[in-house]
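Structure file upload-v2.cif (mmCIF, C-alpha atoms) follows.
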```cif
data_query
#
loop_
_atom_site.label_atom_id
_atom_site.label_comp_id
_atom_site.auth_asym_id
_atom_site.auth_seq_id
_atom_site.Cartn_x
_atom_site.Cartn_y
_atom_site.Cartn_z
CA MET Q 29 -22.32 -15.96 2.42
CA ASP Q 30 -25.40 -14.02 3.50
CA SER Q 31 -23.37 -10.97 4.48
CA PHE Q 32 -21.60 -10.97 1.11
CA GLY Q 33 -24.88 -11.19 -0.78
CA SER Q 34 -26.46 -8.47 1.34
CA ASP Q 35 -23.63 -6.08 0.39
CA PHE Q 36 -24.75 -6.29 -3.20
CA SER Q 37 -28.49 -6.10 -2.62
CA SER Q 38 -28.55 -2.73 -0.88
CA GLY Q 39 -30.41 -1.04 -3.72
CA ALA Q 40 -33.87 -1.46 -2.17
CA GLY Q 41 -34.54 -4.54 -4.27
CA SER Q 42 -33.67 -2.85 -7.55
CA GLY Q 43 -30.42 -4.76 -7.95
CA LYS Q 44 -28.43 -1.51 -7.88
CA MET Q 45 -25.69 -0.88 -5.37
CA ASP Q 46 -25.53 2.23 -3.26
CA THR Q 47 -22.95 4.64 -4.71
CA GLY Q 48 -21.38 5.13 -1.28
CA THR Q 49 -20.97 1.38 -0.88
CA ILE Q 50 -19.35 1.10 -4.30
CA MET Q 51 -16.97 3.95 -3.53
CA GLU Q 52 -15.94 2.36 -0.23
CA GLN Q 53 -15.30 -0.97 -1.92
CA VAL Q 54 -13.20 0.72 -4.60
CA LYS Q 55 -11.22 2.57 -1.91
CA VAL Q 56 -10.53 -0.70 -0.12
CA GLN Q 57 -9.44 -2.37 -3.36
CA ILE Q 58 -7.11 0.54 -4.15
CA ALA Q 59 -5.62 0.42 -0.65
CA VAL Q 60 -4.98 -3.32 -0.98
CA ALA Q 61 -3.39 -2.84 -4.41
CA ASN Q 62 -1.17 -0.05 -3.05
CA ALA Q 63 -0.06 -2.21 -0.12
CA GLN Q 64 0.76 -5.07 -2.48
CA GLU Q 65 2.74 -2.74 -4.73
CA LEU Q 66 4.62 -1.32 -1.74
CA LEU Q 67 5.53 -4.78 -0.51
CA GLN Q 68 6.64 -5.93 -3.97
CA ARG Q 69 8.81 -2.87 -4.61
CA MET Q 70 10.34 -3.02 -1.15
CA THR Q 71 11.10 -6.73 -1.56
CA ASP Q 72 12.68 -6.20 -4.99
CA LYS Q 73 14.83 -3.25 -3.95
CA CYS Q 74 15.99 -4.71 -0.65
CA PHE Q 75 16.72 -8.12 -2.18
CA LYS Q 76 18.86 -6.54 -4.91
CA LYS Q 77 20.66 -4.38 -2.35
CA CYS Q 78 21.25 -6.96 0.38
CA ILE Q 79 21.45 -10.46 -1.08
CA GLY Q 80 24.72 -11.22 -2.85
CA LYS Q 81 24.28 -14.92 -3.46
CA PRO Q 82 20.77 -16.33 -2.97
CA GLY Q 83 20.75 -19.52 -0.94
CA GLY Q 84 18.76 -21.51 1.56
CA THR Q 85 19.40 -19.13 4.47
CA LEU Q 86 20.40 -15.54 5.14
CA ASP Q 87 23.56 -14.78 7.05
CA ASN Q 88 23.56 -12.19 9.85
CA SER Q 89 24.73 -9.31 7.66
CA GLU Q 90 22.03 -10.05 5.07
CA GLN Q 91 19.36 -10.21 7.78
CA LYS Q 92 20.49 -6.88 9.23
CA CYS Q 93 20.65 -5.30 5.78
CA ILE Q 94 17.15 -6.51 4.89
CA ALA Q 95 15.72 -5.24 8.19
CA MET Q 96 17.37 -1.83 7.85
CA CYS Q 97 16.45 -1.53 4.17
CA MET Q 98 12.81 -2.33 4.88
CA ASP Q 99 12.72 0.16 7.77
CA ARG Q 100 14.19 2.91 5.62
CA TYR Q 101 11.86 2.10 2.74
CA MET Q 102 8.81 2.23 5.01
CA ASP Q 103 9.99 5.50 6.60
CA ALA Q 104 10.46 7.05 3.18
CA TRP Q 105 7.07 5.75 2.00
CA ASN Q 106 5.35 7.19 5.08
CA THR Q 107 7.08 10.56 4.65
CA VAL Q 108 6.04 10.79 1.01
CA SER Q 109 2.49 9.66 1.83
CA ARG Q 110 2.10 12.30 4.56
CA ALA Q 111 3.46 15.03 2.28
CA TYR Q 112 1.16 13.94 -0.56
CA ASN Q 113 -1.92 13.83 1.68
CA SER Q 114 -1.04 17.22 3.15
CA ARG Q 115 -0.71 18.70 -0.33
CA LEU Q 116 -4.04 17.21 -1.39
CA GLN Q 117 -5.75 18.72 1.66
CA ARG Q 118 -4.23 22.14 0.95
CA GLU Q 119 -5.33 22.00 -2.69
CA ARG Q 120 -8.86 20.94 -1.74
CA ALA Q 121 -9.06 23.80 0.75
CA HIS Q 122 -8.28 26.29 -2.03
CA ILE Q 123 -10.98 25.03 -4.40
#
```
How would this structure read if it were set down as structure tokens?
Amino acid sequence: MDSFGSDFSSGAGSGKMDTGTIMEQVKVQIAVANAQELLQRMTDKCFKKCIGKPGGTLDNSEQKCIAMCMDRYMDAWNTVSRAYNSRLQRERAHI
């Protein structure tokens, strides 16, 4: 608990947090939220695509479909993320 408390007392005793620390925490929270959203969307889309009749187990074709669907979804996500980051870098370079 000491390490948690020390994260919030880095304002030289003034009770204020360092702006850099706050920004890093916000970035981490955004990254976690994005990962959760990715997982939820991927699960929803692949379930709808691959599971005909929900039951206690998945048959071989459903397992293969889920695996391939998740792979394709992650590949597409990574491609879009790289393109987006590249575009952001280009735009920042022109400012």
- Would you write out, as a VMD selection string, every residue that the PyMOL selection byres ((chain Q and resi 94) around 9) captures in this file? chain Q and resid 71 74 to 75 77 to 79 89 to 93 95 to 99
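For the atom pair formed by CA of Met70 (chain Q) and CA of Ala104 (chain Q), the distance is 11.0 Å, given to one decimal.
Excluding Trp105 (chain Q) and any residue on its chain fewer than 5 positions from it, the residues at most 9 Å away by only C-alpha atoms are Q:Leu66, Q:Arg100, Q:Arg110.
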Next, the residues of the selection above should be written as a PDB file, keeping the file's coordinate frame with C-alpha atoms.
```
ATOM      1  CA  LEU Q  66       4.620  -1.320  -1.740  1.00  0.00           C
ATOM      2  CA  ARG Q 100      14.190   2.910   5.620  1.00  0.00           C
ATOM      3  CA  ARG Q 110       2.100  12.300   4.560  1.00  0.00           C
TER       4      ARG Q 110
END
```
- CA of Asp72 (chain Q) to CA of Met102 (chain Q) measures 13.6 Å
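The space separating CA of Pro82 (chain Q) from CA of Leu67 (chain Q) comes to 19.3 Å.
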- Item | For Gln68 (chain Q), the nearest of the candidates Q:Asp46, Q:Gly83, Q:Tyr101, Q:Lys55, counting only C-alpha atoms |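 Counting only C-alpha atoms, the residue closest to Gln68 (chain Q) is Q:Tyr101.
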